[in-house]
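**Q** query.txt is reproduced in full below (compact mmCIF, C-alpha atoms and all ligand atoms).
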# COMPACT_ATOMS: atom_id res chain seq x y z
CA MET D 30 12.68 -15.62 -14.16
CA LEU D 31 14.76 -12.49 -14.62
CA TYR D 32 14.97 -11.96 -10.85
CA ILE D 33 16.37 -15.47 -10.29
CA GLU D 34 18.95 -15.10 -13.09
CA ALA D 35 20.28 -11.87 -11.59
CA ALA D 36 20.14 -13.30 -8.06
CA ARG D 37 22.30 -16.17 -9.31
CA ASN D 38 24.83 -13.49 -10.23
CA LYS D 39 24.24 -13.61 -14.00
CA ALA D 40 24.32 -10.40 -16.04
CA THR D 41 20.82 -9.76 -17.47
CA LYS D 42 19.63 -7.70 -20.49
CA ARG D 43 18.02 -5.27 -18.03
CA PRO D 44 18.02 -5.43 -14.25
CA PRO D 45 14.97 -7.06 -12.64
CA VAL D 46 13.15 -4.61 -10.38
CA TRP D 47 11.04 -4.79 -7.21
CA LEU D 48 10.78 -2.38 -4.28
CA MET D 49 11.01 -3.10 -0.56
CA ARG D 50 7.53 -2.51 1.02
CA GLN D 51 6.04 -2.45 -2.50
CA ALA D 52 2.72 -3.59 -1.02
CA GLY D 53 1.60 -0.84 1.31
CA ARG D 54 0.08 2.48 2.10
CA TYR D 55 1.24 4.43 -0.99
CA LEU D 56 -1.24 2.30 -3.00
CA PRO D 57 -4.92 3.43 -2.94
CA GLU D 58 -6.06 -0.20 -3.39
CA TYR D 59 -4.07 -1.13 -0.22
CA ARG D 60 -5.56 1.78 1.75
CA GLU D 61 -9.05 0.75 0.65
CA LEU D 62 -8.62 -2.82 1.97
CA ARG D 63 -6.78 -1.59 5.07
CA SER D 64 -9.69 0.74 5.97
CA ARG D 65 -11.77 -2.42 6.52
CA HIS D 66 -9.18 -4.73 8.19
CA SER D 67 -6.49 -4.40 10.85
CA PHE D 68 -2.88 -4.74 9.73
CA LEU D 69 -2.45 -8.06 11.57
CA ASP D 70 -5.66 -9.44 10.02
CA MET D 71 -4.29 -8.55 6.60
CA CYS D 72 -1.15 -10.56 7.48
CA ASN D 73 -3.07 -13.48 9.00
CA VAL D 74 -5.93 -14.06 6.56
CA PRO D 75 -4.29 -15.90 3.65
CA GLU D 76 -6.69 -14.52 1.00
CA LEU D 77 -6.10 -10.92 2.17
CA ALA D 78 -2.32 -11.35 2.37
CA ALA D 79 -2.35 -12.86 -1.12
CA GLU D 80 -4.49 -10.04 -2.54
CA VAL D 81 -2.24 -7.33 -1.08
CA THR D 82 0.91 -9.11 -2.32
CA LEU D 83 -0.50 -9.14 -5.85
CA GLN D 84 -1.69 -5.49 -5.92
CA PRO D 85 1.68 -3.93 -6.86
CA ILE D 86 2.39 -6.73 -9.36
CA ARG D 87 -0.84 -6.01 -11.24
CA ARG D 88 -0.26 -2.26 -11.18
CA PHE D 89 3.47 -2.07 -12.02
CA GLY D 90 4.52 -5.51 -13.33
CA PHE D 91 7.45 -5.88 -10.91
CA ASP D 92 9.77 -8.84 -11.59
CA ALA D 93 9.32 -10.18 -8.06
CA ALA D 94 6.48 -10.26 -5.55
CA ILE D 95 7.27 -10.23 -1.84
CA LEU D 96 4.93 -12.02 0.52
CA PHE D 97 2.75 -9.55 2.43
CA SER D 98 3.44 -10.13 6.11
CA ASP D 99 5.75 -8.61 8.71
CA ILE D 100 9.06 -9.64 10.25
CA LEU D 101 7.38 -9.56 13.69
CA VAL D 102 4.58 -12.04 12.81
CA PRO D 103 6.58 -15.22 13.77
CA LEU D 104 7.26 -13.69 17.20
CA VAL D 105 3.57 -14.12 18.11
CA PRO D 106 3.66 -17.97 18.22
CA MET D 107 7.01 -17.60 20.07
CA GLY D 108 5.03 -15.84 22.81
CA ALA D 109 5.19 -12.09 22.02
CA ASP D 110 2.12 -9.90 22.76
CA LEU D 111 2.35 -7.89 19.55
CA THR D 112 0.10 -5.02 18.53
CA PHE D 113 0.34 -2.45 15.74
CA ASN D 114 -0.98 0.91 16.86
CA GLU D 115 -2.05 3.53 14.33
CA GLY D 116 0.93 5.82 13.71
CA ALA D 117 3.03 4.47 16.61
CA GLY D 118 4.27 1.31 14.87
CA PRO D 119 4.71 -2.07 16.54
CA ARG D 120 4.51 -2.61 20.32
CA ILE D 121 5.39 -5.76 22.28
CA SER D 122 4.11 -5.58 25.86
CA ASN D 123 5.86 -8.65 27.36
CA VAL D 124 9.48 -7.60 26.73
CA LEU D 125 12.50 -9.92 27.04
CA ARG D 126 14.97 -8.74 29.69
CA THR D 127 15.96 -11.71 31.91
CA SER D 128 17.03 -15.35 31.56
CA VAL D 129 13.54 -16.34 32.77
CA ASP D 130 11.94 -14.31 29.95
CA VAL D 131 14.22 -15.97 27.39
CA ALA D 132 13.60 -19.46 28.82
CA GLY D 133 9.89 -18.79 28.18
CA MET D 134 10.35 -18.13 24.45
CA LYS D 135 8.66 -20.93 22.50
CA VAL D 136 10.39 -22.70 19.64
CA ILE D 137 7.97 -22.74 16.73
CA ASP D 138 7.01 -25.35 14.18
CA PRO D 139 6.14 -23.29 11.06
CA ASP D 140 3.91 -26.02 9.58
CA HIS D 141 1.77 -25.73 12.69
CA ASP D 142 2.31 -22.10 13.86
CA LEU D 143 2.54 -20.24 10.51
CA THR D 144 -0.09 -22.16 8.54
CA ASN D 145 -1.77 -18.93 7.36
CA VAL D 146 1.48 -17.51 6.00
CA LEU D 147 2.29 -20.76 4.19
CA LYS D 148 -1.24 -20.93 2.79
CA ALA D 149 -0.88 -17.35 1.50
CA ILE D 150 2.34 -18.38 -0.28
CA ARG D 151 0.59 -21.29 -2.00
CA ILE D 152 -2.24 -19.00 -3.19
CA ILE D 153 0.16 -16.30 -4.43
CA ARG D 154 2.40 -18.76 -6.29
CA ARG D 155 -0.67 -20.17 -8.05
CA GLU D 156 -1.80 -16.69 -9.15
CA LEU D 157 1.59 -15.30 -10.25
CA SER D 158 2.90 -15.71 -13.78
CA SER D 159 5.86 -18.05 -14.22
CA GLU D 160 8.00 -14.98 -15.02
CA THR D 161 7.48 -13.39 -11.60
CA ALA D 162 9.49 -14.64 -8.64
CA LEU D 163 7.96 -14.90 -5.16
CA ILE D 164 10.21 -13.82 -2.29
CA GLY D 165 9.66 -15.12 1.25
CA PHE D 166 11.30 -13.22 4.10
CA ALA D 167 12.18 -13.01 7.77
CA GLY D 168 13.83 -10.52 10.08
CA ALA D 169 17.44 -11.15 11.13
CA PRO D 170 17.69 -12.37 14.75
CA PHE D 171 19.45 -9.17 15.87
CA THR D 172 16.68 -6.97 14.41
CA LEU D 173 13.92 -9.18 15.87
CA ALA D 174 15.65 -9.09 19.26
CA SER D 175 15.83 -5.28 19.06
CA TYR D 176 12.02 -5.02 18.86
CA TRP D 177 11.26 -7.69 21.44
CA VAL D 178 13.79 -6.52 24.05
CA GLU D 179 12.94 -2.83 23.63
CA GLY D 180 9.19 -3.45 23.25
CA GLY D 181 8.85 -1.39 20.07
CA LYS D 182 10.97 0.91 17.93
CA PRO D 183 14.36 0.05 19.37
CA ASP D 184 16.34 3.29 19.15
CA PRO D 185 18.53 3.85 21.30
CA PHE D 186 18.91 0.09 22.03
CA ARG D 187 19.70 0.63 25.73
CA ASN D 188 17.99 -2.52 27.01
CA LEU D 189 19.34 -4.75 24.22
CA LYS D 190 22.90 -3.50 24.75
CA THR D 191 22.54 -3.93 28.51
CA MET D 192 21.65 -7.60 27.99
CA MET D 193 24.50 -8.03 25.46
CA TYR D 194 27.11 -6.62 27.84
CA GLN D 195 25.75 -7.70 31.26
CA ASP D 196 24.30 -11.12 30.49
CA PRO D 197 25.82 -12.48 27.25
CA THR D 198 24.66 -16.03 28.05
CA THR D 199 21.02 -14.96 28.02
CA PHE D 200 21.61 -12.81 24.92
CA HIS D 201 23.09 -15.79 23.05
CA GLN D 202 20.26 -18.11 24.16
CA MET D 203 17.74 -15.60 22.84
CA MET D 204 19.62 -15.26 19.54
CA ASN D 205 19.76 -19.06 19.15
CA LYS D 206 16.01 -19.41 19.58
CA LEU D 207 15.34 -16.57 17.14
CA SER D 208 17.79 -18.10 14.61
CA ASP D 209 15.96 -21.44 14.73
CA THR D 210 12.63 -19.69 14.12
CA VAL D 211 14.08 -17.70 11.21
CA ALA D 212 15.76 -20.70 9.51
CA ASP D 213 12.74 -22.98 9.99
CA SER D 214 10.25 -20.33 8.78
CA LEU D 215 12.25 -19.56 5.65
CA SER D 216 12.67 -23.27 4.83
CA ALA D 217 8.91 -23.78 5.21
CA MET D 218 8.23 -20.77 2.94
CA VAL D 219 10.42 -22.29 0.21
CA ARG D 220 8.72 -25.68 0.60
CA SER D 221 5.38 -23.87 0.14
CA GLY D 222 6.47 -22.23 -3.12
CA ALA D 223 8.69 -19.19 -2.45
CA ASN D 224 11.39 -18.96 -5.15
CA ALA D 225 13.88 -17.01 -3.04
CA VAL D 226 14.19 -15.57 0.46
CA GLN D 227 15.41 -12.32 1.98
CA VAL D 228 16.58 -11.65 5.54
CA PHE D 229 15.98 -8.04 6.69
CA ASP D 230 18.54 -6.72 9.19
CA THR D 231 17.22 -3.20 9.64
CA TRP D 232 19.24 -2.58 12.81
CA GLY D 233 22.35 -4.73 12.20
CA GLY D 234 24.17 -1.58 11.07
CA ILE D 235 24.12 0.01 14.54
CA LEU D 236 26.94 -2.33 15.57
CA PRO D 237 30.62 -1.58 14.97
CA ALA D 238 32.38 -4.35 12.99
CA HIS D 239 33.92 -6.10 16.00
CA GLU D 240 30.51 -6.31 17.73
CA PHE D 241 28.79 -7.38 14.51
CA ARG D 242 31.26 -10.28 14.37
CA ALA D 243 30.67 -11.25 18.00
CA TYR D 244 26.91 -10.73 18.39
CA ASN D 245 25.29 -10.96 14.96
CA LEU D 246 27.40 -12.69 12.28
CA PRO D 247 27.54 -16.16 13.96
CA TYR D 248 23.72 -16.41 13.87
CA LEU D 249 23.47 -15.19 10.29
CA LYS D 250 26.07 -17.77 9.24
CA LYS D 251 24.13 -20.51 11.03
CA ILE D 252 20.88 -19.52 9.28
CA PHE D 253 22.38 -19.15 5.81
CA THR D 254 24.29 -22.44 6.15
CA LYS D 255 21.02 -24.24 6.99
CA LEU D 256 19.31 -22.62 3.98
CA GLN D 257 22.02 -23.49 1.39
CA SER D 258 20.48 -26.92 0.71
CA LEU D 259 17.16 -25.34 -0.38
CA GLY D 260 18.88 -24.35 -3.64
CA VAL D 261 17.19 -20.92 -3.89
CA PRO D 262 18.84 -17.46 -3.90
CA LEU D 263 19.34 -16.06 -0.40
CA THR D 264 19.45 -12.27 0.12
CA TYR D 265 20.82 -10.46 3.17
CA PHE D 266 19.85 -6.79 3.53
CA VAL D 267 21.46 -4.67 6.23
CA LYS D 268 20.60 -0.97 6.51
CA ASP D 269 23.50 1.39 7.35
CA GLY D 270 25.92 -1.51 6.88
CA GLY D 271 28.58 0.13 4.68
CA HIS D 272 31.20 -0.34 7.40
CA LEU D 273 30.37 -4.04 7.74
CA LEU D 274 30.77 -5.29 4.18
CA GLN D 275 34.03 -7.23 4.81
CA ASP D 276 32.11 -9.23 7.41
CA VAL D 277 28.86 -9.41 5.42
CA ARG D 278 30.87 -11.31 2.79
CA GLU D 279 31.01 -14.20 5.28
CA VAL D 280 27.24 -14.40 5.90
CA GLY D 281 26.76 -16.93 3.08
CA ALA D 282 24.26 -14.83 1.08
CA THR D 283 23.83 -15.13 -2.70
CA VAL D 284 22.68 -11.49 -2.91
CA VAL D 285 23.42 -8.54 -0.63
CA GLY D 286 21.03 -5.57 -0.44
CA ILE D 287 22.83 -2.22 -0.25
CA ASP D 288 21.35 1.05 1.01
CA TRP D 289 21.90 4.40 -0.74
CA ARG D 290 24.75 5.56 1.47
CA THR D 291 27.15 2.97 0.04
CA SER D 292 27.96 2.98 -3.66
CA LEU D 293 27.47 -0.25 -5.61
CA SER D 294 31.06 -0.21 -6.89
CA VAL D 295 32.51 0.09 -3.37
CA ALA D 296 30.16 -2.67 -2.19
CA HIS D 297 31.25 -4.90 -5.09
CA LEU D 298 34.94 -4.38 -4.30
CA GLN D 299 34.40 -5.46 -0.71
CA LEU D 300 31.94 -8.30 -1.33
CA GLY D 301 33.84 -9.84 -4.25
CA ASN D 302 32.74 -11.34 -7.58
CA GLU D 303 30.61 -14.17 -6.22
CA ILE D 304 27.84 -12.09 -4.64
CA ALA D 305 25.06 -10.33 -6.62
CA LEU D 306 23.97 -6.84 -5.52
CA GLN D 307 20.54 -5.37 -4.90
CA GLY D 308 19.72 -1.69 -4.39
CA ASN D 309 20.13 1.17 -3.92
CA LEU D 310 17.95 4.16 -4.83
CA ASP D 311 17.31 6.52 -1.91
CA PRO D 312 13.53 6.18 -1.19
CA THR D 313 13.27 9.98 -0.90
CA MET D 314 14.48 10.25 -4.53
CA LEU D 315 10.88 9.30 -5.44
CA PHE D 316 9.90 12.80 -4.27
CA ALA D 317 12.24 14.40 -6.85
CA PRO D 318 11.15 15.69 -10.30
CA GLU D 319 10.68 12.99 -12.94
CA GLN D 320 13.88 13.82 -14.86
CA MET D 321 15.92 13.54 -11.68
CA ILE D 322 14.40 10.14 -10.84
CA ARG D 323 15.25 8.95 -14.34
CA SER D 324 18.83 10.20 -14.30
CA GLU D 325 19.45 8.77 -10.83
CA ALA D 326 18.09 5.37 -11.99
CA ARG D 327 20.41 5.54 -15.03
CA ARG D 328 23.38 6.43 -12.80
CA ILE D 329 22.72 3.39 -10.59
CA MET D 330 22.27 1.06 -13.59
CA SER D 331 25.47 2.24 -15.26
CA GLU D 332 27.36 1.82 -12.00
CA ALA D 333 26.04 -1.76 -11.81
CA THR D 334 27.02 -2.63 -15.40
CA ASP D 335 29.86 -5.21 -15.41
CA LEU D 336 29.53 -5.93 -11.69
CA GLY D 337 27.72 -9.29 -12.31
CA GLY D 338 24.14 -9.95 -11.20
CA PHE D 339 22.17 -6.84 -10.22
CA ILE D 340 18.61 -6.37 -8.94
CA PHE D 341 17.19 -2.84 -8.92
CA ASN D 342 15.53 -1.86 -5.66
CA LEU D 343 15.36 0.99 -3.18
CA GLY D 344 17.94 1.31 -0.41
CA HIS D 345 15.12 0.87 2.15
CA GLY D 346 11.30 0.58 2.14
CA ILE D 347 9.14 2.83 -0.03
CA LEU D 348 7.57 5.67 1.99
CA PRO D 349 3.75 5.77 2.43
CA GLN D 350 3.53 9.28 0.88
CA THR D 351 5.35 8.28 -2.36
CA PRO D 352 3.53 9.46 -5.53
CA ILE D 353 2.41 6.58 -7.79
CA SER D 354 3.63 8.58 -10.80
CA SER D 355 7.21 8.45 -9.46
CA VAL D 356 7.11 4.65 -9.26
CA GLU D 357 5.67 4.53 -12.81
CA CYS D 358 8.46 6.64 -14.22
CA LEU D 359 11.12 4.66 -12.34
CA ILE D 360 9.82 1.35 -13.75
CA ASP D 361 9.58 2.86 -17.22
CA GLU D 362 13.21 4.01 -17.06
CA ILE D 363 14.43 0.57 -15.93
CA LYS D 364 12.32 -1.52 -18.30
CA CYS D 365 13.09 0.55 -21.37
CA ARG D 366 16.78 0.22 -20.75
CA LYS D 367 18.84 -1.72 -23.29
CA ILE D 368 22.20 -2.66 -21.82
O1 LIG U 1 7.85 -5.33 1.41
C1 LIG U 1 6.65 -5.67 1.39
O2 LIG U 1 5.79 -5.13 0.66
C2 LIG U 1 6.22 -6.88 2.21
C3 LIG U 1 5.70 -6.64 3.49
C4 LIG U 1 6.58 -6.10 4.63
C5 LIG U 1 6.04 -5.29 5.65
N1 LIG U 1 6.99 -5.13 6.61
C6 LIG U 1 4.67 -4.75 5.68
C7 LIG U 1 4.32 -3.66 6.61
C8 LIG U 1 7.92 -6.37 4.95
C9 LIG U 1 8.97 -7.14 4.17
C10 LIG U 1 8.16 -5.75 6.21
C11 LIG U 1 9.45 -5.85 6.92
C12 LIG U 1 9.62 -5.13 8.19
N2 LIG U 1 8.68 -4.88 9.17
C13 LIG U 1 10.87 -4.66 8.65
C14 LIG U 1 12.19 -4.82 7.93
C15 LIG U 1 12.36 -3.91 6.79
C16 LIG U 1 12.38 -2.45 7.13
O3 LIG U 1 11.45 -1.75 6.67
O4 LIG U 1 13.32 -2.00 7.78
C17 LIG U 1 10.66 -4.05 9.90
C18 LIG U 1 11.71 -3.38 10.76
C19 LIG U 1 9.28 -4.22 10.23
C20 LIG U 1 8.59 -3.81 11.49
C21 LIG U 1 7.50 -2.86 11.23
N3 LIG U 1 6.29 -3.16 10.61
C22 LIG U 1 7.46 -1.48 11.55
C23 LIG U 1 8.59 -0.71 12.23
C24 LIG U 1 6.23 -0.99 11.13
C25 LIG U 1 5.66 0.38 11.36
C26 LIG U 1 6.36 1.41 10.56
C27 LIG U 1 5.50 1.87 9.43
O5 LIG U 1 6.01 1.90 8.30
O6 LIG U 1 4.34 2.20 9.71
C28 LIG U 1 5.53 -2.05 10.51
C29 LIG U 1 4.19 -1.99 9.89
C30 LIG U 1 4.07 -2.43 8.47
N4 LIG U 1 4.68 -3.53 7.94
C31 LIG U 1 3.25 -1.83 7.48
C32 LIG U 1 3.40 -2.59 6.31
C33 LIG U 1 2.71 -2.41 4.99
C34 LIG U 1 2.33 -0.65 7.69
C35 LIG U 1 1.11 -1.14 8.39
C36 LIG U 1 -0.17 -0.39 8.10
O7 LIG U 1 -0.81 -0.60 7.04
O8 LIG U 1 -0.58 0.38 8.98
Show the structure stored in the file as structure tokens.

**A**
Amino acid sequence: MLYIEAARNKATKRPPVWLMRQAGRYLPEYRELRSRHSFLDMCNVPELAAEVTLQPIRRFGFDAAILFSDILVPLVPMGADLTFNEGAGPRISNVLRTSVDVAGMKVIDPDHDLTNVLKAIRIIRRELSSETALIGFAGAPFTLASYWVEGGKPDPFRNLKTMMYQDPTTFHQMMNKLSDTVADSLSAMVRSGANAVQVFDTWGGILPAHEFRAYNLPYLKKIFTKLQSLGVPLTYFVKDGGHLLQDVREVGATVVGIDWRTSLSVAHLQLGNEIALQGNLDPTMLFAPEQMIRSEARRIMSEATDLGGFIFNLGHGILPQTPISSVECLIDEIKCRKI
């Protein structure tokens, strides 16, 4: 598998390519299925999750499929009242604020509480060609905490920061429970057939480096240490994390996902020779004219040449309004490339 080679930090004849949120609303076949099912049903019915995961693989021939689910799904068996409202994004009504709330968080057993997700993985792995990797994923504890403590889109993080500063013991208890869920879910996904895993830390980048080290890094290290023995590539993606790369080096990831604000060469200098890179096309570049998309893809690939393993991706999720033709021309540019 080209994806696995690059994720193991080997130089490849062309970079493998997949896109974050590659299964989703920019695809007419996704919108068709979604018009008949709720988002959470699509995550929870294994046959639907498998179908949606495979849609972008059939259409574009990406080198990796990512399980169709959501980082917030494992919070439901932990006790969260999660809903996805049209246009407003996720909402959790029973927010975590006090030590009593945190004491009530359940510790999950993925084989029992995430059976649908694991069944979807087994179906997808059976359907995929042996050349296409299947990526399992979870949210980083800090990002999951952001949603649960704030009750939805976290910005400006007032309640989470209040807990961090006023009641660090409760904050750390919450992070420990979330870390166990994340590590156990990812291990179960690999046992069910995922070839690699990725941890999404969408909000980790809001912390300055000294707070990242105190409140986030210890949990990431714990998770990645537990996952080492699975023997699969482990990716850590942090959005807006350019100022954190010295510390990200210590997470224990095989691959680090970089957003478009940080250049790959700067990231490589700070992360060192042992870590493969993934990224980092600005998702809004897919609204540019075709020639600009192509030249930007070439610029990224030439920057990545000689840096070791490299996986082409966006710097964050693909936007729902993205034209299909832009994705087609991006894939064409990458796949036709002879390095
Ligand atoms: O990448 C993939 O194709 C796999 C599936 C996937 C989804 N969400 C599907 C989804 C993955 C890997 C995620 C991760 C996720 N979910 C993150 C981390 C990565 C990131 O984007 O920063 C976060 C923060 C979430 C939480 C979440 N889920 C939000 C904030 C939203 C609403 C925002 C939006 O884009 O509408 C979701 C909903 C969601 N998750 C959708 C999809 C396809 C849209 C749901 C719909 O069809 O209405």

**Q** Smallest atom-to-atom distance to D:Ala109: which of D:Lys42, D:Arg187, D:Lys135, D:Arg327, using all atoms listed in the file?

**A**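 That would be D:Lys135, the residue with the smallest distance to D:Ala109.
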
**Q** Go through D:Met314, D:Phe253, D:Asp361, D:Gln307 one by one, measure the shortest atom-to-atom distance of each to D:Phe341 using only C-alpha atoms, and give the residue with the smallest value.

**A**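 Selected residue with least distance to D:Phe341: D:Gln307.
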
**Q** Give the residue list for ligand LIG 1 (chain U) at 6 Å, counting only C-alpha atoms and all ligand atoms, as a ChimeraX atom specification, sorted by chain and then by residue number.

**A** /D:49-54,68,95-100,118-119,229,231,346

**Q** Between atom CA of D:Ala225 and atom CA of D:Pro262, measure the distance and give it in Å to one decimal.

**A**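 Pair atom CA of D:Ala225 / atom CA of D:Pro262 returns 5.1 Å.
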
**Q** Expressed in Å to a single decimal, how great is the separation between atom CA of D:Ser208 and atom CA of D:Asn73?

**A** 22.1 Å

**Q** Contacts between stretch 139-150 of chain D and stretch 167-278 of chain D, please, where a residue of stretch 167-278 of chain D counts if it comes within 8 Å (with all atoms listed in the file); show its shortest atom pair and distance in Å to one decimal, rows by chain and ascending number, as JSON lines.

**A**
{"residue": "D:Asp213", "atom": "CA", "partner": "D:Pro139", "partner_atom": "CA", "distance": 6.7}
{"residue": "D:Ser214", "atom": "CA", "partner": "D:Pro139", "partner_atom": "CA", "distance": 5.6}
{"residue": "D:Ala217", "atom": "CA", "partner": "D:Pro139", "partner_atom": "CA", "distance": 6.5}
{"residue": "D:Met218", "atom": "CA", "partner": "D:Leu147", "partner_atom": "CA", "distance": 6.1}
{"residue": "D:Ser221", "atom": "CA", "partner": "D:Leu147", "partner_atom": "CA", "distance": 6.0}
{"residue": "D:Gly222", "atom": "CA", "partner": "D:Ile150", "partner_atom": "CA", "distance": 6.3}
{"residue": "D:Ala223", "atom": "CA", "partner": "D:Ile150", "partner_atom": "CA", "distance": 6.8}

**Q** For the residues in the current selection, export C-alpha atoms as a PDB file, in the coordinates of the input.

**A**
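The resulting selection-v9.pdb:
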ATOM      1  CA  ASP D 213      12.740 -22.980   9.990  1.00  0.00           C
ATOM      2  CA  SER D 214      10.250 -20.330   8.780  1.00  0.00           C
ATOM      3  CA  ALA D 217       8.910 -23.780   5.210  1.00  0.00           C
ATOM      4  CA  MET D 218       8.230 -20.770   2.940  1.00  0.00           C
ATOM      5  CA  SER D 221       5.380 -23.870   0.140  1.00  0.00           C
ATOM      6  CA  GLY D 222       6.470 -22.230  -3.120  1.00  0.00           C
ATOM      7  CA  ALA D 223       8.690 -19.190  -2.450  1.00  0.00           C
TER       8      ALA D 223
END

**Q** Please identify all polymer residues lying at most 12 Å from the point (17.2, -1.1, 17.0) (file coordinates), using only C-alpha atoms, and present the result as an NGL selection string.

**A** :D and (169-190 or 230-236 or 268-269)

**Q** Could you give me, as a PyMOL selection string, the residues within 12 Å of D:Arg43, counting all atoms listed in the file and dropping anything in the same chain fewer than 4 positions from it?

**A** chain D and resi 31-32+34-35+39+92+327+330-331+333-334+337-341+360-368

**Q** What's the separation between atom CA of D:Met134 and atom CA of D:Val228, in Å to one decimal place?

**A**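 Taking atom CA of D:Met134 and atom CA of D:Val228, their separation equals 20.9 Å.
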
**Q** Using all atoms listed in the file, which residues sit within 10 Å of D:Lys206 once same-chain residues fewer than 5 positions away are excluded, as an MDAnalysis selection string?

**A** chainID D and resid 107 131:132 134:137 170 201 211

**Q** D:Leu157: which residues within 10 Å, counting all atoms listed in the file, same-chain residues fewer than 6 positions away excluded, as a list in words?

**A**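 Near neighbours after the sequence-gap exclusion: Leu83, Ile86, Arg87, Ala93, Ala94 and Leu163 of chain D.
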